[in-house]
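> Please read through the structure below; I'll follow up with questions.
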Amino acid sequence: MTDVKETVDVEEVEAKASSGKNSAAVMFKGEISIFPSKRLDYLDRGIVRAYAALTKGNDPAFAVVCEKAIVPQLDMVTRYAGVSSVVIPKLIASGVVEWTPDHTEKYAFVFENILGNPIWKNGNPNALGMKPDIVLATVFRNIVTALEAMSDKGVNHGGIRVTNIFDGGKTTMENAMIGECISTPPGYAQPALYESLQRAAAHPLGKGPVEAADDMYALGVALTLMIRHHDTTEGMSDEEIVTQKIEQGTFNLLTAKDRFPGPVLELLRGLLNDDPAMRWTLEDLSIWFEGRRVSAKQGVIALLKASRPVDFSKKKYLRPIILGLNFHKDPASVIEFVEKGELFLWLNRSLQNKETEGRYELAIEEAKKADKQSFLAERLAACMGVAMAPGYPLFYRGLKIVPAGLGALLVEAIHSHRDLTPFVDFIQSGLATFWITHAGILGRTSEDMITRIENCRMFMKQNMPGYGIERCIYYLSPSSACLSEKLAAYHVRSAEDYLHALEKISKTRNRPDSFLDRHIIAFLLVSDKNIIEPYLPDINAAENFRQKMGVLKLFTAIQRRDKMAPMPGLTEWVVGQLGVLVDRHHDRELRKKIKAQLEKFKDKGSFEPILALFDSFEVLQHDMRAFNAALHQFQMLRKEYFALEFELENNKQFGVGAGRQTAALVSAGIAALVVMVYLFFNLAMG
Amino acid sequence: MAKAKTKKKSSAQGGSFKGRILVVSMLLTSIVALPTTVLLFIGMLPTMAARLGDNSKQKTRVLTVGFMNFAACFPFWYKLMQGGHKFDVALDLVMDPIHIIIMYSGALIGWAIEWGLSGIVSSMMVQKGYKRLETIKELQSELIAKWGPEVTGDLPLDRFGFPIENEKES
């Protein structure tokens with residue numbers, strides 16, 4: 001657990017938790033009371049805290065309040081709830097709770113609390129010294145029952161350890177129970193002692209999914225620790241435990257100082273086998289419970305040992321696995337170690353294992369493939385690590401992961417504002433594929449892992465919002481809440497949650513200028529692709545008006561599809577930013593009309609009428625045509641003005657021609673009149 | 001080219017032919033109506049002078065002077081006709097200085113009309129021109145008020161007709 005303490009700010013979480021010590025109960029879903037002041041430390045999972053709670057019917061319960069950095073196994077919730085076993089705590093409710101002690105939204109699980117006391121309450125959890133027959137008849141049998149029930153639903157526990165086992169309210173252990181397993185990523189809170197060799201060497205968040213064989217191993221360790229009287233790993237660090245497990249074998253390491261009854265020894269040998277293929281399964285356990293002998297199995301992993309040690313970084317190594325696990329500590333020396341041929345000579349002469357030699361050659365080739373030479377040493381160390389210790393975690397620039405555990409670790413790294421370049425390098429390089437190829441993972445799991453990493457590599461190639469490392473986070477860890485800084489105080493898990501969060505943010509003073517960022521876009525693209533993809537070209541456009549239009553269309557689509565209630569705060573906030581869309585109309589009078597209508601709609605809370613103001617092609621086309629006509633008219637007027645002005649200023653005869661014409665007409669008229677009058681008088685006078 | 005030349009030649013020949021016929025017919029008419037010819041030739045000498053002195057394109061001065069000159073000649077031509085349209089009557093009429101003064105006064109009035117009206121009308125036209133300039137300015141201002149400064153065409157516009165600078169700012 002040291003790694004967990006290194007990577008998350010435990011003090012910060014403690015301070016936040018303690019700040020709520022005197023606060024009142026937090027209501028969850030309107031009927032469950034969670035008491036922030038009543039901490040249940042023994043149910044904590046790393047930085048994920050547990051609190052006392054009461055159901056609607058005043059039944060005791062406990063709430064596990066998640067942190068954003070530690071992604072719960074939400075994909076397992078339904079299956080966990082369907083497990084019919086009284087040995088695991090029943091899930092009463094789960095969802096987002098307004099965690100008033102630190103004024104944020106958090107995801108919480110509420111379980112029925114009939115766990116009783118932890119079985120290690122007054123002892124050393126690494127050596128409880130309980131009677132084997134009692135343990136086997138109560139605690140062990142109950143856990144096996146629970147595992148069988150979970151297995152039926154396709155759930156692996158990943159948290160079987162002495163500190164997660166409870167007496168069920170009876171000191172006789174008849175009702176012994178195992179704690180919950182869905183509030184954290186698999187294996188997050190599991191100490192290295194309980195993890196099989198490969199998982200034990202990984203970062204607590206980078207272990208990847210738990211297999212049934214891992215539960216069997218943890219069950220064996222828990223059983224040993226409950227029975228034994230002596231702590232054989234006292235004072236050992238996680239790394240030392242892993243090294244000792246490899247050197248001695250888990251069974252030998254854990255049982256060295258104690259005497260166990262024969263049947264128990266057989267059971268422990270089966271459960272603590274370091275080769276998952278040879279490890280006992282639930283079926284083997286039922287055979288053993290019936291008193292029959294479990295048949296021997298064919299192993300696949302041989303823990304190789306050389307005839308002579310090799311010196312690396314001032315230490316001697318006999319086992320290639322241990323050597324491989326230590327390359328990352330001194331990557332610079334690995335180059336020299338390889339280039340001088342010391343490693344090859346040792347492999348060739350002292351180890352004499354063709355497979356390892358083959359992997360060695362491939363590791364050199366893989367390391368040379370790197371586009372950038374800046375991290376060649378680290379890359380070579382990582383590849384050599386895989387070659388020497390296939391199936392063990394990949395060590396690269398501070399990462400200790402298996403590819404399947406990348407998502408959970410990325411989430412934690414983002415949340416802790418850690419440097420992401422090792423992750424970027426890891427995805428962009430072929431290290432993951434190299435690891436998978438040599439890890440002994442077969443079939444669809446291997447193909448699926450390679451596909452996922454390849455997809456991530458494709459995401460990384462594009463820099464526009466919706467892609468990049470952010471997309472990888474949500475793609476690899478689909479249960480993660482949105483990690484946008486804008487939504488830091490909210491637990492957003494869907495498009496609907498996002499709008500609800502924005503509605504709350506709209507009422508705060510320091511609301512941000514924009515509604516979207518790279519995280520939100522990537523999150524929506526993974527969690528709700530259909531709702532955002534049609535508007536992505538607009539959202540990612542360089543023009544501000546297109547971005548605003550994209551946002552407006554997105555919000556309208558979410559509100560319409562999810563039939564959401566009016567959101568007056570958000571509409572008012574959005575309308576305040578739509579000036580740029582109003583200005584996309586040429587006609588100033590039309591702009592005024594639209595502004596007046598926006599004023600009318602802004603506090604109504606519905607996006608539909610707001611979008612209708614801007615989304616009419618006919619209106620825009622008419623406006624455009626009328627503007628073009630006006631543009632032409634203006635040019636014609638300008639031409640006329642200049643021509644007339646020139647004439648008036650330069651033509652001294654301006655209007656004279658018209659005057660002469662008028663004079664001719666007048667003259668003609670007068671002449672005709674004179675002639676007619678003369679004729680009239682002459683004819684009239686006779 | 002050859003065809004065009006032939007056409008030009010024929011048209012030139014045709015024109016001169018028509019002109020000749022006109023001149024011949026006018027000569028014949030003037031000989032036939034010699035008393036009228038003498039009266040109008042003497043009486044409308046100012047009109048001929050106006051024709052020679054008019055450099056304007058439209059030659060409207062000839063019309064203005066000519067109409068009034070003819071109106072002043074008309075009573076004497078009427079007397080000539082009533083006197084049997086005889087050559088000696090025509091000579092009597094043109095030999096009387098009073099009659100000549102009356103006929104030339106008509107031409108003078110025509111001159112006066114042309115001088116006075118063309119001045120008044122041209123000044124009115126200048127005023128109207130300045131008024132039109134104001135109207136154009138007002139119309140342009142109205143267009144700017146309704147469509148913004150981009151309607152002037154002085155700003156660089158994008159394909160939608162919006163100022164490119166504003167777009168960058170926004």
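Letters for chains follow the order of the structure tokens (A, B, ...), residue numbers begin at 1 for each chain, and ligand numbers begin at 1 in the order shown.
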Define the interface residues of chain A facing chain B as those within 7 Å, counting only C-alpha atoms, and report them as an mmCIF file with C-alpha atoms, in the first residue's frame.

```cif
data_model
loop_
_atom_site.group_PDB
_atom_site.id
_atom_site.type_symbol
_atom_site.label_atom_id
_atom_site.label_comp_id
_atom_site.auth_asym_id
_atom_site.auth_seq_id
_atom_site.Cartn_x
_atom_site.Cartn_y
_atom_site.Cartn_z
ATOM 1 C CA ASN A 544 -16.630 31.002 -32.209
ATOM 2 C CA VAL A 580 -22.089 35.862 -31.443
ATOM 3 C CA HIS A 586 -26.998 40.818 -41.188
ATOM 4 C CA ASP A 587 -30.293 42.547 -40.553
ATOM 5 C CA ARG A 588 -29.939 44.706 -37.449
ATOM 6 C CA GLU A 589 -33.674 44.834 -36.942
ATOM 7 C CA PHE A 627 -28.044 41.607 -47.485
ATOM 8 C CA ALA A 630 -28.523 45.838 -50.018
ATOM 9 C CA LEU A 631 -24.836 45.489 -50.785
ATOM 10 C CA PHE A 634 -25.250 50.548 -51.752
ATOM 11 C CA LEU A 637 -25.921 54.596 -54.827
ATOM 12 C CA TYR A 641 -23.290 59.887 -55.858
ATOM 13 C CA LEU A 644 -23.496 63.424 -59.736
ATOM 14 C CA LEU A 648 -22.030 69.355 -60.173
ATOM 15 C CA PHE A 654 -25.031 71.378 -65.768
ATOM 16 C CA GLY A 655 -28.746 71.692 -66.438
ATOM 17 C CA VAL A 656 -28.327 74.147 -69.333
ATOM 18 C CA ALA A 658 -32.449 70.740 -69.991
ATOM 19 C CA GLY A 659 -33.118 74.494 -69.783
ATOM 20 C CA ARG A 660 -32.739 74.914 -73.533
ATOM 21 C CA GLN A 661 -35.066 72.055 -74.210
ATOM 22 C CA THR A 662 -37.583 73.651 -71.870
ATOM 23 C CA ALA A 663 -37.119 76.964 -73.667
ATOM 24 C CA ALA A 664 -37.733 75.308 -77.038
ATOM 25 C CA SER A 667 -41.204 78.844 -77.422
ATOM 26 C CA ALA A 668 -43.139 76.324 -79.501
ATOM 27 C CA ALA A 671 -45.633 80.514 -81.144
ATOM 28 C CA VAL A 674 -49.760 83.480 -81.263
ATOM 29 C CA VAL A 675 -50.590 81.864 -84.603
#
```
> Looking only at the backbone, which of the residues in range 26-133 of chain A does DSSP tag as helix (DSSP H, G or I), as a list of chain:residue names?
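Taking range 26-133 of chain A and keeping helix (DSSP H, G or I) only, one gets A:Asp41, A:Tyr42, A:Leu43, A:Leu74, A:Asp75, A:Met76, A:Val77, A:Thr78, A:Arg79, A:Tyr80, A:Ala81, A:Thr100, A:Pro101, A:Asp102, A:Pro132, A:Asp133.
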> Could you take the residues named above and write them with C-alpha atoms, as a short mmCIF file (atom, residue, chain, number, x, y, z; two decimals), in the first residue's frame?

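And here's part.cif as it stands now:
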```
data_model
loop_
_atom_site.label_atom_id
_atom_site.label_comp_id
_atom_site.auth_asym_id
_atom_site.auth_seq_id
_atom_site.Cartn_x
_atom_site.Cartn_y
_atom_site.Cartn_z
CA ASP A 41 -11.87 3.06 9.60
CA TYR A 42 -11.70 -0.71 9.41
CA LEU A 43 -13.85 -0.64 6.25
CA LEU A 74 -19.52 0.21 -11.62
CA ASP A 75 -19.75 -2.43 -14.32
CA MET A 76 -19.91 -5.03 -11.53
CA VAL A 77 -22.65 -3.39 -9.46
CA THR A 78 -25.58 -5.19 -11.04
CA ARG A 79 -23.83 -8.55 -10.90
CA TYR A 80 -22.71 -7.99 -7.30
CA ALA A 81 -26.24 -7.03 -6.29
CA THR A 100 -21.90 18.23 2.31
CA PRO A 101 -18.71 18.01 4.44
CA ASP A 102 -16.62 19.18 1.51
CA PRO A 132 -7.26 -24.60 11.91
CA ASP A 133 -10.38 -26.70 12.39
#
```
> CA of Val402 in chain A and CA of Pro185 in chain A, how far apart in Å?
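Computing it gives 13.7 Å between the two atoms.
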> Fewer than 5 positions away in the same chain doesn't count, so skip those; otherwise give me all residues within 10 Å of Glu608 in chain A, counting only C-alpha atoms, as a PyMOL selection string.
chain A and resi 552-553+555-557+559-560+601+613
> Identify, on the basis of only C-alpha atoms, every residue whose closest approach to range 495-506 of chain A does not exceed 7 Å; exclude the query and any residue fewer than 4 positions from it along the same chain; express the result as a list in words.
Tyr490, Arg511, Leu524, Asp528, Ile558, Asp562, Met567, Gly569, Leu570 and Trp573 of chain A
> Skipping near chain neighbours, those fewer than 4 positions away, what residues fall within 7 Å of Gly187 in chain A using only C-alpha atoms, listed as a PDB file with N, CA and C atoms, in the first residue's frame?

```pdb
ATOM      1  N   GLY A 158     -11.288 -10.082  -5.433  1.00  0.00           N
ATOM      2  CA  GLY A 158     -10.104  -9.215  -5.496  1.00  0.00           C
ATOM      3  C   GLY A 158      -9.760  -8.534  -4.187  1.00  0.00           C
ATOM      4  N   GLY A 159     -10.490  -8.863  -3.114  1.00  0.00           N
ATOM      5  CA  GLY A 159     -10.198  -8.203  -1.844  1.00  0.00           C
ATOM      6  C   GLY A 159     -10.227  -9.174  -0.678  1.00  0.00           C
ATOM      7  N   PRO A 204      -0.745  -0.485  -7.189  1.00  0.00           N
ATOM      8  CA  PRO A 204      -2.071  -0.928  -6.727  1.00  0.00           C
ATOM      9  C   PRO A 204      -3.196  -0.651  -7.719  1.00  0.00           C
ATOM     10  N   LYS A 207      -2.990  -3.082 -11.610  1.00  0.00           N
ATOM     11  CA  LYS A 207      -2.947  -4.545 -11.606  1.00  0.00           C
ATOM     12  C   LYS A 207      -3.841  -5.187 -12.657  1.00  0.00           C
TER      13      LYS A 207
END
```
> Would you kindly return, as a short mmCIF file (atom, residue, chain, number, x, y, z; two decimals) with C-alpha atoms, in the first residue's frame, each protein, DNA or RNA residue with an atom no farther than 12 Å from any atom of Val89 in chain B, considering only C-alpha atoms and excluding same-chain residues fewer than 3 positions away?

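File around-v9.cif, as written:
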```cif
data_model
loop_
_atom_site.label_atom_id
_atom_site.label_comp_id
_atom_site.auth_asym_id
_atom_site.auth_seq_id
_atom_site.Cartn_x
_atom_site.Cartn_y
_atom_site.Cartn_z
CA LEU B 34 -41.45 82.49 -104.72
CA PRO B 35 -43.39 85.21 -102.85
CA THR B 36 -43.45 83.04 -99.67
CA VAL B 38 -38.81 85.82 -100.37
CA LEU B 39 -40.89 86.75 -97.33
CA PHE B 76 -47.35 88.88 -92.91
CA TRP B 77 -47.41 85.56 -94.67
CA TYR B 78 -51.17 85.51 -94.01
CA LYS B 79 -51.47 88.98 -95.62
CA LEU B 80 -49.42 87.71 -98.58
CA MET B 81 -51.74 84.81 -99.05
CA GLN B 82 -54.76 87.07 -98.77
CA GLY B 83 -53.19 89.42 -101.29
CA GLY B 84 -53.10 86.66 -103.87
CA HIS B 85 -49.58 85.41 -103.13
CA LYS B 86 -47.95 87.86 -105.55
CA ASP B 92 -43.85 95.51 -100.34
CA LEU B 93 -44.09 93.56 -97.13
CA VAL B 94 -40.35 93.02 -96.71
CA MET B 95 -39.49 96.56 -97.76
CA ASP B 96 -41.44 98.03 -94.87
#
```
> Just the residues within 7 Å of Val96 in chain A, please, counting only C-alpha atoms, with nothing from its chain fewer than 3 positions along; format it as an mmCIF file with N, CA and C atoms, in the first residue's frame.

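The resulting file, around_26.cif, is shown below:
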```cif
data_model
loop_
_atom_site.group_PDB
_atom_site.id
_atom_site.type_symbol
_atom_site.label_atom_id
_atom_site.label_comp_id
_atom_site.auth_asym_id
_atom_site.auth_seq_id
_atom_site.Cartn_x
_atom_site.Cartn_y
_atom_site.Cartn_z
ATOM 1 N N GLU A 105 -19.888 16.500 -4.957
ATOM 2 C CA GLU A 105 -20.664 15.290 -5.231
ATOM 3 C C GLU A 105 -19.711 14.109 -5.240
ATOM 4 N N LYS A 106 -20.139 13.020 -4.646
ATOM 5 C CA LYS A 106 -19.282 11.824 -4.639
ATOM 6 C C LYS A 106 -20.144 10.610 -4.953
ATOM 7 N N TYR A 107 -19.479 9.584 -5.413
ATOM 8 C CA TYR A 107 -20.204 8.342 -5.660
ATOM 9 C C TYR A 107 -20.139 7.506 -4.384
ATOM 10 N N ALA A 108 -21.270 6.978 -3.987
ATOM 11 C CA ALA A 108 -21.297 6.221 -2.730
ATOM 12 C C ALA A 108 -22.011 4.886 -2.917
ATOM 13 N N HIS A 491 -19.876 14.893 -9.641
ATOM 14 C CA HIS A 491 -19.579 13.540 -10.093
ATOM 15 C C HIS A 491 -20.422 13.278 -11.334
#
```
> I need the residue nearest Trp120 in chain A from this list: A:Arg584, A:Arg161, A:Lys340, A:Lys315. Use only C-alpha atoms for the distance.
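Nearest candidate to Trp120 in chain A out of A:Arg584, A:Arg161, A:Lys340, A:Lys315: A:Arg161.
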> Once DSSP has gone over the backbone, tell me which residues of range 358-525 of chain A are in strand (DSSP E or B), as a list in words.
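So, restricting range 358-525 of chain A to strand (DSSP E or B), we get Leu394, Phe395, Tyr396, Leu399, Lys400, Ile401, Pro465 and Tyr467 of chain A.
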> With C-alpha atoms retained, could you export that selection as an mmCIF file, in the first residue's frame?

```cif
data_model
loop_
_atom_site.group_PDB
_atom_site.id
_atom_site.type_symbol
_atom_site.label_atom_id
_atom_site.label_comp_id
_atom_site.auth_asym_id
_atom_site.auth_seq_id
_atom_site.Cartn_x
_atom_site.Cartn_y
_atom_site.Cartn_z
ATOM 1 C CA LEU A 394 5.865 -3.525 -17.309
ATOM 2 C CA PHE A 395 8.179 -0.968 -15.729
ATOM 3 C CA TYR A 396 8.549 2.177 -17.789
ATOM 4 C CA LEU A 399 4.918 3.111 -14.401
ATOM 5 C CA LYS A 400 4.421 -0.352 -12.955
ATOM 6 C CA ILE A 401 1.467 -1.706 -14.825
ATOM 7 C CA PRO A 465 -10.680 17.945 -28.620
ATOM 8 C CA TYR A 467 -9.111 12.719 -28.892
#
```
> Please, what distance in Å, to one decimal, runs between CA of Pro568 in chain A and CA of Lys600 in chain A?
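So the two atoms, CA of Pro568 in chain A and CA of Lys600 in chain A, lie 11.6 Å apart.
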